[in-house]
Amino acid sequence: MRSQITASPDDIDITSLWSVLRRSGPRILGVSALLGAATFGGLSLLPARYTSEAQIRIGGPGINDPFRDPKVGQTPNTESVAVKVDREAIASQVVALKSRDLAAKVAAELKLNARPEFNSELPPADLAGKVSRMLGLSSPRAGESEEERVLRAYFQALQVFQVKDTRVITIEFTSTDNELAARAANRLAER
């Protein structure tokens with residue numbers, strides 16, 4: 001008795017699959033190349049963004065560090081009692097670095113109000129900014145002062161955070177100007 005093999009709908013015919021790919025291959029490659037070129041062209045219109053980082057170590061001598069304080073681990077006395085920096089103190093420093101008053105001082109020192117990147121009232125320097133301005137996507141908000149515009153852009157470019165389980169605060173600042181990014185992060189760390 002001969003059994004007849006029947007194809008189920010879940011079976012794939014490899015020969016027909018290759019023939020379909022051979023016929024559709026040039027069209028798939030053409031569409032892929034076109035989309036790749038369009039993506040490359042669109043991304044090349046955007047300005048480069050630079051991020052600078054500065055780190056602040058919170059604490060000083062006597063912070064219970066056995067490598068820096070040889071008295072750690074000995075019986076406590078008035079000289080070996082270390083000042084502990086708790087998480088709340090470091091979080092307070094992070095909040096202080098994000099304060100509006102400090103941001104206004106740093107923005108004024110760096111003259112961010114004269115840069116189109118931070119002052120949306122000024123005409124954009126790059127093509128993508130000009131196109132988004134024409135489409136109404138990046139126009140200044142109604143009733144917003146120059147200081148508010150600059151600080152809004154400043155806070156979008158700034159990131160301040162504590163490195164997990166350390167006494168280190170990291171300040172990151174992003175800008176289209178690499179020197180400005182470095183100066184802003186360093187200036188904030190100095191303040």
# chains A, B, ... in the order shown; residues from 1 in each chain; ligands from 1
>>> residues_around(residues="Asn186 (chain A)", least_positions_apart="3", cutoff="8 Å", atoms="only C-alpha atoms", output="number ranges by chain")
A: 53-54, 182-183, 189-190
>>> write_last_selection(atoms="C-alpha atoms", output="tab-separated table (two decimals), in the first residue's frame")
chain	number	residue	atom	x	y	z
A	53	GLU	CA	31.05	65.55	31.33
A	54	ALA	CA	32.42	66.85	34.61
A	182	ALA	CA	32.98	71.60	27.90
A	183	ARG	CA	32.93	75.14	29.32
A	189	ALA	CA	31.26	72.14	38.52
A	190	GLU	CA	33.40	75.11	39.60
>>> residues_around(residues="Val163 (chain A)", least_positions_apart="6", cutoff="10 Å", atoms="only C-alpha atoms", output="list in words")
Gln55, Ile169 and Thr170 of chain A
>>> atom_distance(atom1="CA of Leu158 (chain A)", atom2="CA of Ala114 (chain A)")
18.1 Å
>>> residues_around(residues="region 155-157 of chain A", least_positions_apart="5", cutoff="12 Å", atoms="only C-alpha atoms", output="JSON, numbers by chain")
{"A": [49, 50, 51, 52, 53, 97, 98, 99, 100, 102, 103, 104, 106, 107, 112, 117, 118, 148, 149, 150, 171, 172, 173, 174, 175, 176, 177, 180, 181, 184, 185]}
>>> write_last_selection(atoms="N, CA and C atoms", output="mmCIF file, in the first residue's frame")
data_model
loop_
_atom_site.group_PDB
_atom_site.id
_atom_site.type_symbol
_atom_site.label_atom_id
_atom_site.label_comp_id
_atom_site.auth_asym_id
_atom_site.auth_seq_id
_atom_site.Cartn_x
_atom_site.Cartn_y
_atom_site.Cartn_z
ATOM 1 N N ARG A 49 25.963 66.912 17.772
ATOM 2 C CA ARG A 49 25.736 67.223 19.182
ATOM 3 C C ARG A 49 26.906 66.681 19.980
ATOM 4 N N TYR A 50 27.467 67.508 20.847
ATOM 5 C CA TYR A 50 28.594 67.126 21.686
ATOM 6 C C TYR A 50 28.155 67.142 23.145
ATOM 7 N N THR A 51 28.570 66.128 23.878
ATOM 8 C CA THR A 51 28.262 66.060 25.302
ATOM 9 C C THR A 51 29.555 66.058 26.084
ATOM 10 N N SER A 52 29.643 66.976 27.028
ATOM 11 C CA SER A 52 30.807 67.069 27.897
ATOM 12 C C SER A 52 30.395 66.640 29.294
ATOM 13 N N GLU A 53 31.341 66.078 30.009
ATOM 14 C CA GLU A 53 31.047 65.553 31.331
ATOM 15 C C GLU A 53 32.059 66.068 32.340
ATOM 16 N N LEU A 97 22.770 71.932 42.180
ATOM 17 C CA LEU A 97 23.384 72.119 40.862
ATOM 18 C C LEU A 97 22.343 72.355 39.775
ATOM 19 N N LYS A 98 21.100 71.936 40.026
ATOM 20 C CA LYS A 98 20.019 72.137 39.072
ATOM 21 C C LYS A 98 19.191 73.377 39.380
ATOM 22 N N SER A 99 19.643 74.183 40.332
ATOM 23 C CA SER A 99 18.836 75.334 40.744
ATOM 24 C C SER A 99 18.741 76.378 39.632
ATOM 25 N N ARG A 100 17.638 77.078 39.631
ATOM 26 C CA ARG A 100 17.369 78.086 38.603
ATOM 27 C C ARG A 100 18.321 79.278 38.732
ATOM 28 N N LEU A 102 21.455 79.316 39.925
ATOM 29 C CA LEU A 102 22.763 78.916 39.427
ATOM 30 C C LEU A 102 22.746 78.802 37.905
ATOM 31 N N ALA A 103 21.657 78.269 37.359
ATOM 32 C CA ALA A 103 21.533 78.154 35.904
ATOM 33 C C ALA A 103 21.539 79.529 35.245
ATOM 34 N N ALA A 104 20.858 80.483 35.838
ATOM 35 C CA ALA A 104 20.822 81.840 35.270
ATOM 36 C C ALA A 104 22.212 82.472 35.287
ATOM 37 N N VAL A 106 25.195 80.859 35.262
ATOM 38 C CA VAL A 106 26.050 80.169 34.280
ATOM 39 C C VAL A 106 25.648 80.570 32.865
ATOM 40 N N ALA A 107 24.342 80.659 32.590
ATOM 41 C CA ALA A 107 23.866 81.051 31.261
ATOM 42 C C ALA A 107 24.304 82.472 30.919
ATOM 43 N N LEU A 112 24.580 82.571 26.722
ATOM 44 C CA LEU A 112 23.756 81.626 25.970
ATOM 45 C C LEU A 112 22.601 82.318 25.246
ATOM 46 N N GLU A 117 20.797 78.142 19.484
ATOM 47 C CA GLU A 117 20.511 76.847 20.109
ATOM 48 C C GLU A 117 19.783 77.011 21.444
ATOM 49 N N PHE A 118 20.053 78.114 22.147
ATOM 50 C CA PHE A 118 19.474 78.338 23.467
ATOM 51 C C PHE A 118 18.434 79.459 23.480
ATOM 52 N N GLU A 148 13.513 82.933 30.218
ATOM 53 C CA GLU A 148 12.788 81.662 30.278
ATOM 54 C C GLU A 148 13.139 80.765 29.098
ATOM 55 N N ARG A 149 13.271 81.356 27.890
ATOM 56 C CA ARG A 149 13.655 80.568 26.712
ATOM 57 C C ARG A 149 15.041 79.968 26.884
ATOM 58 N N VAL A 150 15.978 80.779 27.350
ATOM 59 C CA VAL A 150 17.357 80.318 27.523
ATOM 60 C C VAL A 150 17.425 79.238 28.594
ATOM 61 N N ILE A 171 28.015 65.746 35.938
ATOM 62 C CA ILE A 171 27.345 66.839 35.237
ATOM 63 C C ILE A 171 27.601 66.623 33.754
ATOM 64 N N GLU A 172 26.537 66.499 32.971
ATOM 65 C CA GLU A 172 26.659 66.356 31.520
ATOM 66 C C GLU A 172 25.951 67.535 30.867
ATOM 67 N N PHE A 173 26.619 68.112 29.869
ATOM 68 C CA PHE A 173 26.032 69.230 29.142
ATOM 69 C C PHE A 173 26.189 68.959 27.654
ATOM 70 N N THR A 174 25.106 69.123 26.895
ATOM 71 C CA THR A 174 25.092 68.823 25.468
ATOM 72 C C THR A 174 24.868 70.102 24.676
ATOM 73 N N SER A 175 25.658 70.266 23.610
ATOM 74 C CA SER A 175 25.544 71.447 22.767
ATOM 75 C C SER A 175 26.047 71.105 21.362
ATOM 76 N N THR A 176 25.709 71.960 20.399
ATOM 77 C CA THR A 176 26.235 71.777 19.048
ATOM 78 C C THR A 176 27.663 72.310 18.948
ATOM 79 N N ASP A 177 28.107 73.064 19.940
ATOM 80 C CA ASP A 177 29.477 73.588 20.005
ATOM 81 C C ASP A 177 30.233 72.803 21.075
ATOM 82 N N LEU A 180 31.658 74.947 23.942
ATOM 83 C CA LEU A 180 30.616 75.416 24.856
ATOM 84 C C LEU A 180 30.175 74.291 25.785
ATOM 85 N N ALA A 181 30.044 73.088 25.258
ATOM 86 C CA ALA A 181 29.642 71.951 26.089
ATOM 87 C C ALA A 181 30.659 71.734 27.211
ATOM 88 N N ALA A 184 30.566 74.779 29.751
ATOM 89 C CA ALA A 184 29.366 74.795 30.589
ATOM 90 C C ALA A 184 29.454 73.761 31.704
ATOM 91 N N ALA A 185 29.866 72.548 31.374
ATOM 92 C CA ALA A 185 29.975 71.497 32.408
ATOM 93 C C ALA A 185 31.038 71.866 33.434
#
>>> atom_distance(atom1="CA of Lys105 (chain A)", atom2="CA of Lys164 (chain A)")
28.4 Å
>>> decode(residues="region 137-191 of chain A", atoms="C-alpha atoms", output="CSV table (one decimal), in the first residue's frame")
chain,number,residue,atom,x,y,z
A,137,LEU,CA,7.5,73.3,15.1
A,138,SER,CA,10.2,75.3,16.9
A,139,SER,CA,8.9,78.8,17.1
A,140,PRO,CA,9.3,80.7,20.5
A,141,ARG,CA,6.4,80.3,22.9
A,142,ALA,CA,4.1,83.2,23.2
A,143,GLY,CA,4.7,85.4,26.2
A,144,GLU,CA,7.9,83.7,27.2
A,145,SER,CA,10.8,86.0,28.2
A,146,GLU,CA,14.3,85.6,26.9
A,147,GLU,CA,15.5,84.3,30.2
A,148,GLU,CA,12.8,81.7,30.3
A,149,ARG,CA,13.7,80.6,26.7
A,150,VAL,CA,17.4,80.3,27.5
A,151,LEU,CA,16.8,78.5,30.8
A,152,ARG,CA,14.3,76.0,29.2
A,153,ALA,CA,17.0,75.1,26.5
A,154,TYR,CA,19.7,75.1,29.2
A,155,PHE,CA,17.8,72.6,31.3
A,156,GLN,CA,17.2,70.4,28.3
A,157,ALA,CA,20.9,70.3,27.6
A,158,LEU,CA,21.9,69.6,31.2
A,159,GLN,CA,21.9,66.4,33.1
A,160,VAL,CA,23.0,66.2,36.8
A,161,PHE,CA,23.0,62.9,38.6
A,162,GLN,CA,24.7,60.9,41.3
A,163,VAL,CA,26.7,57.9,40.2
A,164,LYS,CA,25.0,54.9,41.9
A,165,ASP,CA,26.5,53.9,45.2
A,166,THR,CA,29.3,56.5,45.1
A,167,ARG,CA,29.9,60.0,46.4
A,168,VAL,CA,30.4,61.3,42.8
A,169,ILE,CA,28.0,63.7,41.0
A,170,THR,CA,28.2,63.7,37.2
A,171,ILE,CA,27.3,66.8,35.2
A,172,GLU,CA,26.7,66.4,31.5
A,173,PHE,CA,26.0,69.2,29.1
A,174,THR,CA,25.1,68.8,25.5
A,175,SER,CA,25.5,71.4,22.8
A,176,THR,CA,26.2,71.8,19.0
A,177,ASP,CA,29.5,73.6,20.0
A,178,ASN,CA,32.0,71.2,21.6
A,179,GLU,CA,33.9,74.1,23.4
A,180,LEU,CA,30.6,75.4,24.9
A,181,ALA,CA,29.6,72.0,26.1
A,182,ALA,CA,33.0,71.6,27.9
A,183,ARG,CA,32.9,75.1,29.3
A,184,ALA,CA,29.4,74.8,30.6
A,185,ALA,CA,30.0,71.5,32.4
A,186,ASN,CA,33.2,72.7,33.9
A,187,ARG,CA,31.8,76.1,34.9
A,188,LEU,CA,28.9,74.5,36.7
A,189,ALA,CA,31.3,72.1,38.5
A,190,GLU,CA,33.4,75.1,39.6
A,191,ARG,CA,30.4,77.0,41.0
